[in-house]
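Undergrad: Shown below is the structure under consideration.
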There are 2 protein chains.
Amino acid sequence: MPDMKAVKVVLDHAPQRVVIEGVRPEIDGGRYPAKATVGEKFRVEANIFADGHDVLSAVLLYRRAGEPLWSEIVMTPLVNDRWRAEFTPAQLGCYQYTIKAWVDDFATWRRDTAKKVEAGLDVSVELLAGVKLVEEASHRTGGSDADYIESLAKYLAGNFEAKDKLRVALGDELNRLMAKHPDMRSATTYPKQLSVNVDRKRAEYSAWYEMFPRSTSTSGRHGTFKDCEARLPYIAAMGFDVLYLPPVHPIGQTKRKGRNNATSATSSDPGSPWAIGSGEGGHKSIDPRLGTLEDFRHLVAKAKEHSIEVALDIALQCSPDHPYVKQHPEWFRWRPNGTVQFAENPPKKYEDIYPLNFETDDWQSLWDELKSIFMFWIEQGVSIFRVDNPHTKPFAFWEWLIREVKQVYPDTIFLAEAFTRPRIMYQLAKLGFTQSYTYFAWRNAKWELTEYFTELTKTDVADYFRPNLWPNTPDILTEYLQTGGRPAFMAKLVLAATLGASYGIYGPAFELQESQPREPRSEEYLNSEKYELRNWDIDRRDSLSHFIARVNRIRRENSALHNNRSLQFHPVDNENLICYSKNTDDFSDIVLVAVNVNPGYTQSGWVDLNLREFGLDSEQPYQLHDLLTDARYTWQGARNYVELDPHVSPAHIFRLQSIATNDVRTP
Amino acid sequence: MPDMKAVKVVLDHAPQRVVIEGVRPEIDGGRYPAKATVGEKFRVEANIFADGHDVLSAVLLYRRAGEPLWSEIVMTPLVNDRWRAEFTPAQLGCYQYTIKAWVDDFATWRRDTAKKVEAGLDVSVELLAGVKLVEEASHRTGGSDADYIESLAKYLAGNFEAKDKLRVALGDELNRLMAKHPDMRSATTYPKQLSVNVDRKRAEYSAWYEMFPRSTSTSGRHGTFKDCEARLPYIAAMGFDVLYLPPVHPIGQTKRKGRNNATSATSSDPGSPWAIGSGEGGHKSIDPRLGTLEDFRHLVAKAKEHSIEVALDIALQCSPDHPYVKQHPEWFRWRPNGTVQFAENPPKKYEDIYPLNFETDDWQSLWDELKSIFMFWIEQGVSIFRVDNPHTKPFAFWEWLIREVKQVYPDTIFLAEAFTRPRIMYQLAKLGFTQSYTYFAWRNAKWELTEYFTELTKTDVADYFRPNLWPNTPDILTEYLQTGGRPAFMAKLVLAATLGASYGIYGPAFELQESQPREPRSEEYLNSEKYELRNWDIDRRDSLSHFIARVNRIRRENSALHNNRSLQFHPVDNENLICYSKNTDDFSDIVLVAVNVNPGYTQSGWVDLNLREFGLDSEQPYQLHDLLTDARYTWQGARNYVELDPHVSPAHIFRLQSIATNDVRTP
């Protein structure tokens, strides 16, 4: 009568009473790795429970991929059957983790027997059951512990005072030994080995400065890498650690764009650096106007002396003059009229750009060639890439490419420049992109900043998507910056630098508060550097460079700002004032930021803090040190007043500290 | 140089540009089936997207498990790359579903070409590309459509007016044909075949009445099944469709509990029906005081005449006198002193109950025997079981048992009586329990009702957990009912019957508003039927039976109340007034409920409705028909006034309807 096949299935599972589910991080069922950084705690949580009321134990298992042995960390129950443990990866690359949990018979016996003892019940029968558990443990244990446990079992079974035996049976020493040698025969092991990709710290925490090399000369001529070198002390003084250059390759002539994106160029127009390739070479060549490959390597080395890494822009597309077009016509799409398909966004045409056909029959050699571009520049000393429009290339390509590159160079950082629909941006991060551009530039109101950054830092998105916040780019001059003046630039800078552990600006347009659009309702810059050389006066008195330097110094000196996970928003009773904090895990550093997001008018309001979360006594005063102005304030209680005049400073960046009682006594 | 193994992996995946993720329902990665009911729409959603900007198409595939062929339903994009489709399972049992999506080259071509035409561009080259797509379609198509498509391709390639050809190329007819015969060579099929278990409607929508058969005599003697039959018209008049009986088996003598849970019983005490088994038999026997098996079958048949199903309580535990104890001592746990382990919750002991040892070496025969208990009662005509304390038995046992039973009797309904931690209650539902008890009895404040029922109806929980709401049970007399008087009983009844598509009461204690606890701070009834016979005066003038009958009639007549998924809460500016609605999918029936949850005092407030969601014009008046009192109100606009005196009626149950304009004209 019983269906033996079904019974067999049960036989395999019946002994496993513990359920492990809701593991986090676990991205798309384990299909994609989570992200972590070297030397920082990686947190794993899961729901762990069993039928009945027995005591459970659980461990987090982890290892570097390829290593044979797992390390174990004891997991701790939180509330509602949620358990947690953390490990700290010591090396770059891929780690694996999983969870093991079991019904702990001895811990259950100990809890129940202690309750009975406390209630004054006779526990002589229970003691006999306990002896049996200890004897079993001695049999499954190796080494010196086996003898020790056996001797304890013998004592408990011996002819001694019940009171003394109970003290041993319920004591810490036996508990420690039994926990060390649990009966795991019926343990549940989570069926998936999840993975996490471990990057260097700069993957999480970085300050980027974007600059067009050709606009760095002080004389009006075409800038060179040498001019860039001369600009390095300026960039370093502002406190940036990544210098990102738009494409540095030869620029096509055919259908070259003129100033302000004119459809025809004059002979003096330099063209868009994203129209890559000419008779002078393609993606592995340097535009001779900028210098030589040797000059480039020299710039990279010089930047390193200033603790700055040079990041390159990789735009996988070609001008009609790119050598690939003649050498590999099969890598492009051809129209029925025998011409190469140019880029378009119907009805708009971009005839200076030929997209590559990633689905060509010859895709293997195309993909290999594209990979060799990254490898080439890595060999020149570059290990950070800003990838142009990755969302218009196949997902499978990026997953393959990033894995291939990081297998050899695990310290490589890829920033995805995808301004598209949210799920596609998240998908690129899952596939391996180290950092991602965000919608930050267009999030100006308090409610939308709060909603967006809650999604980025408090949901599963935080497990794989590392935001890099840009208030402007060569393509994006928002209406907020066009109309908000200096206060808008200052507010966006503070928001970017403190909401995001990674952020960047496109300069010198940013610090010089360039705000003229090409035409009304456009987000394009007037006289954009994309199509012409610019000559920037970086010494202008109204430059924000000193303000930026101050903000970047605050970032460096406050490790609370080196993560995104701790971000918390705090209520303010004014819709133009946003207030949030970040902290280190141990709360040794707490930074509280308040920004007036209305660049026009002074705003004031009452901030509500949950002091207990910060480990502060609600009865004691505490100190707020404004790191922007060096002013110090003493606050007390949860509710305190903030007022910000955007024309003085649209933001406070406070360091929050408790103060010893005698500091606040009047003398 | 290229790693060929890695390239191979890519080769397998490269052509699939579409990502399908975030499928719902998908319970624990597809480990457990979702739940649906016969003849009702089952909704499936997923995130579907690809790189770039091409047009996608997607279909939901489904089939009854075991059938070779899939049916297809076209999916519709909602917002943010979320897609949806629904299918209506026609039969009981297991269905499978998955999703297929692809880049639709023709639809992409059609969209882009239309844009170019609109912009006045020359599209002669585009037309050539279109012809190619149509020709390819004719080659991959069978039957008459192939010839038709070929003829259209020939026309488009022919020497005709461009304008005419474009009209055909972009027209609906070709579009329909091309959509019917897509190029799915590079389609992505979701890698999992998910499953959904289809139950009969009563699994979702049911009204339960619990009653102790032994308390149904009118003379004070031990009640019988015959007495139960006499009670059927009363139960039917109240509108219940499930009559649930506590265990009907012989009751043990050893350690029998006396009145009010006294540790020793007198010879006249009947004992607890959950102390199952005596010399007179076990789980497949009838307590002779109630009647014979024949009597039981007669009761089941009589109930059916009143459209009532009899549900049995299955408590998998034994009294010390149960035949199993002697026949199968190996099915119990033995203490080191040679006695059987009784139930305990240290330091409390329950010596009248022996738990079964589900992990016994002989577990296969134990499990088979336990399964045979369910099969036995099904063969007597029972197809609904209320399972006692399932959370103290192994999860694997329930998953096996329910699957085994439903394979043969797919209309069986299992209600899990687990009042334990939330994740365990949810796990039991995942494993197969058809319905589940909830925390409803203890959720009295508006905020906690709102939070709890939002979790039950708006999160993934709704995909597998069907709540059954009980304001009281023989074990649960809440403080709210002890102290709130008649208004509390009425409010809880309305909440249970309208928040839950399934609900139940333990009567006649409920309708007679029994409210005395055994002792202060206890939730046990004084003189509980669990330990003694009771003699209820069901004709008492203060009985709520007529009120209950009205509420159950409202439930029957309003199909909006037959589901949980449509539940929506509406803001009221008074923390003692809760307001919510349910509706049918087509909004032909909308029920709006307002309850004063404070049984002491009249409460009033302003309700805010989102009229657009109901398809109502915010400028037009609409009618609220109070189905409890038959009063009719005309409301206009989103904000309207409600006032409820709990001593008159603590609730409104409105049917909400638009009214033709002339109905509201003054005569």
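Scheme for the structure tokens: letters A, B, ... for chains in order shown; per-chain residue numbers from 1; ligand numbers from 1 in order shown.
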Kindly provide, as number ranges by chain, the residues of chain A having any atom no farther than 7 Å from an atom of chain B, counting only C-alpha atoms.
TA: A: 2, 10, 13-14, 17, 29, 51-52, 112, 115-116, 119, 125, 128-129, 336-337, 346-347, 368, 391-396, 400
Undergrad: List as a list in words the protein and nucleic acid residues near region 275-281 of chain B, meaning an atom at most 7 Å away when only C-alpha atoms are counted, but skip any in the same chain fewer than 3 places from it.
TA: His249, Pro250, Ile251, Gly252, Ser272, Ser285, Gln317, Cys318, Ser319, Asp321, His322, Pro323, Asp352 and Ile353 of chain B
Undergrad: Take the residues from that selection and put them in a file with C-alpha atoms, as an mmCIF file, in the first residue's frame.
TA:
```
data_model
loop_
_atom_site.group_PDB
_atom_site.id
_atom_site.type_symbol
_atom_site.label_atom_id
_atom_site.label_comp_id
_atom_site.auth_asym_id
_atom_site.auth_seq_id
_atom_site.Cartn_x
_atom_site.Cartn_y
_atom_site.Cartn_z
ATOM 1 C CA HIS B 249 -12.259 8.934 19.706
ATOM 2 C CA PRO B 250 -12.246 6.940 22.949
ATOM 3 C CA ILE B 251 -10.610 8.935 25.763
ATOM 4 C CA GLY B 252 -7.886 7.550 28.037
ATOM 5 C CA SER B 272 -10.101 15.693 27.365
ATOM 6 C CA SER B 285 -12.475 4.386 16.651
ATOM 7 C CA GLN B 317 -0.737 11.880 20.123
ATOM 8 C CA CYS B 318 -1.869 9.167 22.481
ATOM 9 C CA SER B 319 -3.225 8.731 25.932
ATOM 10 C CA ASP B 321 -4.133 3.769 27.316
ATOM 11 C CA HIS B 322 -3.965 4.016 23.512
ATOM 12 C CA PRO B 323 -3.631 0.572 21.850
ATOM 13 C CA ASP B 352 -2.110 12.188 30.137
ATOM 14 C CA ILE B 353 -0.409 12.601 26.730
#
```
Undergrad: Please measure the separation of CA of Phe510 (chain A) and CA of Leu477 (chain A), giving the value in Å to one decimal.
TA: 9.6 Å
Undergrad: Need the shell around Arg24 (chain B): protein/DNA/RNA residues with any atom at most 6 Å away, counting only C-alpha atoms. Skip same-chain ones fewer than 2 positions apart. Format as a ChimeraX atom specification?
TA: /B:26,44-45
Undergrad: Excluding Val248 (chain A) and residues on its chain fewer than 5 positions from it, collect all residues at most 8 Å away from it, counting only C-alpha atoms, and give them as a PyMOL selection string.
TA: chain A and resi 273+285-287+290
Undergrad: Next, the residues of the selection above should be written as a PDB file, in the first residue's frame with N, CA, C and O atoms.
TA:
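New file again01.pdb:
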```
ATOM      1  N   PRO A 273      35.530  62.598 -28.629  1.00  0.00           N
ATOM      2  CA  PRO A 273      36.450  61.500 -28.292  1.00  0.00           C
ATOM      3  C   PRO A 273      35.764  60.129 -28.317  1.00  0.00           C
ATOM      4  O   PRO A 273      36.440  59.102 -28.333  1.00  0.00           O
ATOM      5  N   SER A 285      45.219  52.669 -29.360  1.00  0.00           N
ATOM      6  CA  SER A 285      46.139  53.734 -29.761  1.00  0.00           C
ATOM      7  C   SER A 285      45.829  55.015 -29.001  1.00  0.00           C
ATOM      8  O   SER A 285      44.744  55.186 -28.462  1.00  0.00           O
ATOM      9  N   ILE A 286      46.812  55.883 -28.981  1.00  0.00           N
ATOM     10  CA  ILE A 286      46.675  57.190 -28.336  1.00  0.00           C
ATOM     11  C   ILE A 286      46.535  58.242 -29.436  1.00  0.00           C
ATOM     12  O   ILE A 286      47.269  58.204 -30.435  1.00  0.00           O
ATOM     13  N   ASP A 287      45.605  59.178 -29.232  1.00  0.00           N
ATOM     14  CA  ASP A 287      45.502  60.320 -30.140  1.00  0.00           C
ATOM     15  C   ASP A 287      46.837  61.070 -30.091  1.00  0.00           C
ATOM     16  O   ASP A 287      47.241  61.544 -29.019  1.00  0.00           O
ATOM     17  N   LEU A 290      47.476  64.155 -28.028  1.00  0.00           N
ATOM     18  CA  LEU A 290      47.626  64.074 -26.570  1.00  0.00           C
ATOM     19  C   LEU A 290      49.029  63.648 -26.163  1.00  0.00           C
ATOM     20  O   LEU A 290      49.457  63.910 -25.034  1.00  0.00           O
TER      21      LEU A 290
END
```
Undergrad: May I ask for the distance between CA of Leu370 (chain B) and CA of Pro246 (chain B), given in Å to one decimal place?
TA: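 Computing it gives 17.7 Å between the two atoms.
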Undergrad: Could you state the separation of CA of Thr434 (chain A) and CA of Asn552 (chain A) in Å, given to one decimal place?
TA: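 These atoms are spaced 21.6 Å apart.
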Undergrad: Going by DSSP on the backbone, which bits of region 300-503 of chain A are strand (DSSP E or B)? Write them as an MDAnalysis selection string, please.
TA: chainID A and resid 309:314 317:318 334 340 343:345 348:350 354:355 384:388 413:417 435:437 467:469 473 476 502:503
Undergrad: Considering only C-alpha atoms, return as a PyMOL selection string whatever protein or nucleic-acid residues lie within 12 Å of region 447-461 of chain B, sequence-local ones (same chain, fewer than 3 positions apart) excluded.
TA: chain B and resi 22-28+34-35+422-423+425-430+436-444+464-469+492+495-496+498-501+563-572+574-580+582+595+597
Undergrad: Would you mind writing down, as an MDAnalysis selection string, each residue of region 490-589 of chain A that DSSP on the backbone assigns to helix (DSSP H, G or I)?
TA: chainID A and resid 490:499 545:557 559:562
Undergrad: Lys100 (chain B): which residues within 9 Å, counting only C-alpha atoms, same-chain residues fewer than 2 positions away excluded, as JSON, numbers by chain?
TA: {"B": [20, 57, 58, 59, 60, 61, 98, 102, 187, 188, 189, 190]}
